[in-house]
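Colleague: This is the structure, below, for whatever I ask next.
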Amino acid sequence: MLRYTIRRLVQLVGVVLVLSMLLFAWLRLLPGGPVSALLGERATPESREALTKQLGLDQPIFVQYFKFLGRAATGDFGVSTGVQPGDSALDIFLQRFPATIELSFFAILIAVAVGVPLGYLAAKRRGGWFDNLSVVGSLIGVAVPVFFLAYLLKDVASSALGLPSQGRQDAIDATRVTGFFTLDGVITGEWDATFNALQHLILPAIALATIPFAVIFRITRAAVLDVLDEDFVRTAESKGLTAPVIRRRHVLRNAMLPVVTTIGLQTGALLSGAVLTEKVFSFAGVGQALAIGFERRDYPVLLLLIIMATIVYVVVNLLVDLSYALIDPRIRTR
Amino acid sequence: MALGVTKKEKIDGLAESAGVSLAASAWKRLRRSPVFLIGAVIIGIFVVLSLLSPWLAPHNPSDPMLIGQVVKARNEIPPPQPGHPLGGDLQGRDFFSRLLVGSQQTLVVGVGATLIGLTGGLILGTLAGAIGGWVDSVVMRIVDVMLSLPSLLLAFSIAAMFAKPSQFTVILAVAIVQIPVFARLLRGSMLAQRHSDHVLAATALGVKRGSIVFRHMLPNSLSPVIVQSTLVLATAIIEAAALSFLGLGNPDDRIPEWGQMLGDVQNVFDTHPQLAAWPAVCIIIVALGFTLMGETLREALDPKNRR
């Protein structure tokens, strides 16, 4: 298990190096560039040249890359030119990453809390109206463009429910510790700050949750259907175990493997959705920074955020693989 | 007819026991599935409408005929009126005609992106699955890197590579994202067949490697790919809308497309929600149609569900 984890982490280092090289070259191939984005189209050639030099973009690309690697080794990932000009890319990452993690975490929480029970019930009532209705409902969920749903929630639900529809928190005097606004309030005892941050999370998290919800629902339903046919469920029933015990210990536990795998695979889809949701709700997370960064060709920020997103994706899926052992004792002994 | 079994059913039963191809039994189940029929009807109507829309549309979708009723300062657009059942858009063009004609480019985006993605995936997947060895490793590493990037981010960055976005760059961006998915699916089912009896038999008979791959392995690997294509038709339309929303859509809106119509009106969503709602509802219905067909197709082709 430990050797397996280490091997996967070493592989991750390789992936990150290759990816950083490709990204670095590819970003510089994009039309336009930070100089045009900062100075506009009508800047004089002299001022363009001066800024190009100042940003180090006049050097050959591999020189730029090795300089970047050397600085990155000391924790310096460059200075933002577009998202928050002047701030270090690392600071932007540290500010915004917790926001997106919080948002994605609550989205997954909602998706699991609704999707797993619904999938179980639909499988139990296979072919009935509840089953058909929830299957079609989940398919509609996939068909709705996320940003349209986000706008609906923002314009309709926010006024109807009195929930905030902008940003991560109101301008209240909250102490920052970790960057996770909900957690900071708990640590410092400022419960109103936590409550306020949670209120801001509800609508964007619901919008974002629709994607993983539909998938989790369908996978749960399929997995439970498979398990319900198994001999050990019939055995459990015939030896007189109560329904809750069969459900918890025999059906759900065996159906959880594919569901947990799906949750891991949804991390990528969540970040895609976050780009859209964060734009609608002006939520200062990674997705928003990526959208702005592309628009203004902010090389350092784009590079760092995309690499970190990939690392998170790989690590989450590693954790998922490791969690199999917790769920399924047969894997533990191997 | 004793026991209420008709002659036809008896014959069907015999045919089944004598062995029916997976495709034939799948088709039999599909015809009886109301969900598949609903999806097929939606898509049928959509395709017919999009082909006939230039003749069906009451007005030219790019003609600002109602521009006199657009008041930029007061944020007014033409209301529904005789001859213009849905009113006009922000440029004073007949909204109903735009919606109708928009179906055509929406179909082009969906089909175009799916075909390009499918072709790329077929090439890569066949290379990896048929040749194996280092070709397989190289192809699959590329596929893995592409899959580890979030799909929209990948589409977004491909679309950003073009100095001048157009309908084609949108299609290309959406298509490239689908290539690794198709490649992976195809490779998986080709690998599963490499050691199967019919391939072994063909090899033993001295059939050339090329014909084994293209006449024996590829046709037998296609069913998951076909299912995926149906589902991708829906995703492609939705992702194209997302690209428009992020400002990377086709800036030329003389020939409308639903995703573009939806993405372009984001700033007036709270004042003129109908401008977003109509194209959104159209996208949802069509995407649902493709998804219903794809999901029922998947279930029908799954040997586990064979009766």
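Labels for the structure tokens follow display order: chains A, B, ..., residues from 1 in each chain, ligands from 1.
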Kindly determine which residues of chain A lie within 6 Å of chain B, considering only C-alpha atoms, and give the answer as a list in words.

Modeller: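 Only these qualify: Leu30, Pro31, Ala143, Val144, Pro145, Gly268, Ala269 and Ser272 of chain A.
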
Colleague: Would you save the residues of that selection, restricted to N, CA and C atoms, as an mmCIF file, in the first residue's frame?

Modeller:
data_model
loop_
_atom_site.group_PDB
_atom_site.id
_atom_site.type_symbol
_atom_site.label_atom_id
_atom_site.label_comp_id
_atom_site.auth_asym_id
_atom_site.auth_seq_id
_atom_site.Cartn_x
_atom_site.Cartn_y
_atom_site.Cartn_z
ATOM 1 N N LEU A 30 -0.270 31.115 -27.863
ATOM 2 C CA LEU A 30 -1.585 31.745 -27.992
ATOM 3 C C LEU A 30 -1.437 33.099 -28.678
ATOM 4 N N PRO A 31 -2.410 33.446 -29.525
ATOM 5 C CA PRO A 31 -2.342 34.765 -30.153
ATOM 6 C C PRO A 31 -2.464 35.854 -29.088
ATOM 7 N N ALA A 143 -28.877 17.828 -19.223
ATOM 8 C CA ALA A 143 -29.137 18.579 -20.454
ATOM 9 C C ALA A 143 -29.148 20.089 -20.233
ATOM 10 N N VAL A 144 -29.278 20.541 -18.987
ATOM 11 C CA VAL A 144 -29.365 21.982 -18.738
ATOM 12 C C VAL A 144 -27.959 22.585 -18.714
ATOM 13 N N PRO A 145 -27.694 23.604 -19.541
ATOM 14 C CA PRO A 145 -26.393 24.274 -19.449
ATOM 15 C C PRO A 145 -26.199 24.852 -18.045
ATOM 16 N N GLY A 268 -12.646 16.652 -12.168
ATOM 17 C CA GLY A 268 -12.365 17.437 -13.356
ATOM 18 C C GLY A 268 -13.597 18.188 -13.837
ATOM 19 N N ALA A 269 -14.720 17.475 -13.880
ATOM 20 C CA ALA A 269 -15.971 18.094 -14.317
ATOM 21 C C ALA A 269 -16.351 19.240 -13.387
ATOM 22 N N SER A 272 -14.470 22.334 -14.348
ATOM 23 C CA SER A 272 -15.093 22.907 -15.542
ATOM 24 C C SER A 272 -16.333 23.698 -15.149
#

Colleague: Can you tell me, as a ChimeraX atom specification, which residues in range 73-115 of chain A count as helix (DSSP H, G or I) by DSSP?

Modeller: /A:73,89-115

Colleague: CA of Phe281 in chain A to CA of Gln166 in chain A: how many Å, to one decimal?

Modeller: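 Answer for the CA of Phe281 in chain A to CA of Gln166 in chain A separation: 5.0 Å.
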
Colleague: Residues within 9 Å of range 187-189 of chain B, please, as a VMD selection string. Count only C-alpha atoms; anything in the same chain fewer than 5 positions from it doesn't count.

Modeller: chain B and resid 122 124 to 130 136 182 194 217 to 218 220 to 222 224

Colleague: As an MDAnalysis selection string, please: the residues near range 95-111 of chain B (cut-off 8 Å, only C-alpha atoms, same-chain neighbours under 3 positions excluded).

Modeller: chainID B and resid 46:47 49:51 53:54 56:62 84:89 114:115 167 170:171 232:234 236:237 240 255:259 278:279

Colleague: Which residues come within 9 Å of Leu208 in chain A, counting only C-alpha atoms, excluding same-chain residues fewer than 6 positions away, as a PyMOL selection string?

Modeller: chain A and resi 103-104+107-108+146+150+270+273-274+276-277

Colleague: Neighbours of Phe213 in chain A within 6 Å (only C-alpha atoms; same-chain residues fewer than 4 positions away dropped), as an MDAnalysis selection string?

Modeller: chainID A and resid 111 115 209 217

Colleague: Near Asn317 in chain A, within 9 Å and counting only C-alpha atoms, which residues show up once chain neighbours fewer than 6 positions away are dropped, as number ranges by chain?

Modeller: A: 261, 263-265, 267

Colleague: Mind giving me the straight-line distance from CA of Pro219 in chain B to CA of Ser21 in chain B in Å, one decimal?

Modeller: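 Atom-to-atom, CA of Pro219 in chain B and CA of Ser21 in chain B are spaced 13.3 Å apart.
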
Colleague: When distances are computed from only C-alpha atoms, which of A:Thr175, A:Gln199, A:Thr81, A:Ser88 shows the smallest separation from Ser158 in chain A?

Modeller: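 Of A:Thr175, A:Gln199, A:Thr81, A:Ser88, the one nearest Ser158 in chain A is A:Gln199, counting only C-alpha atoms.
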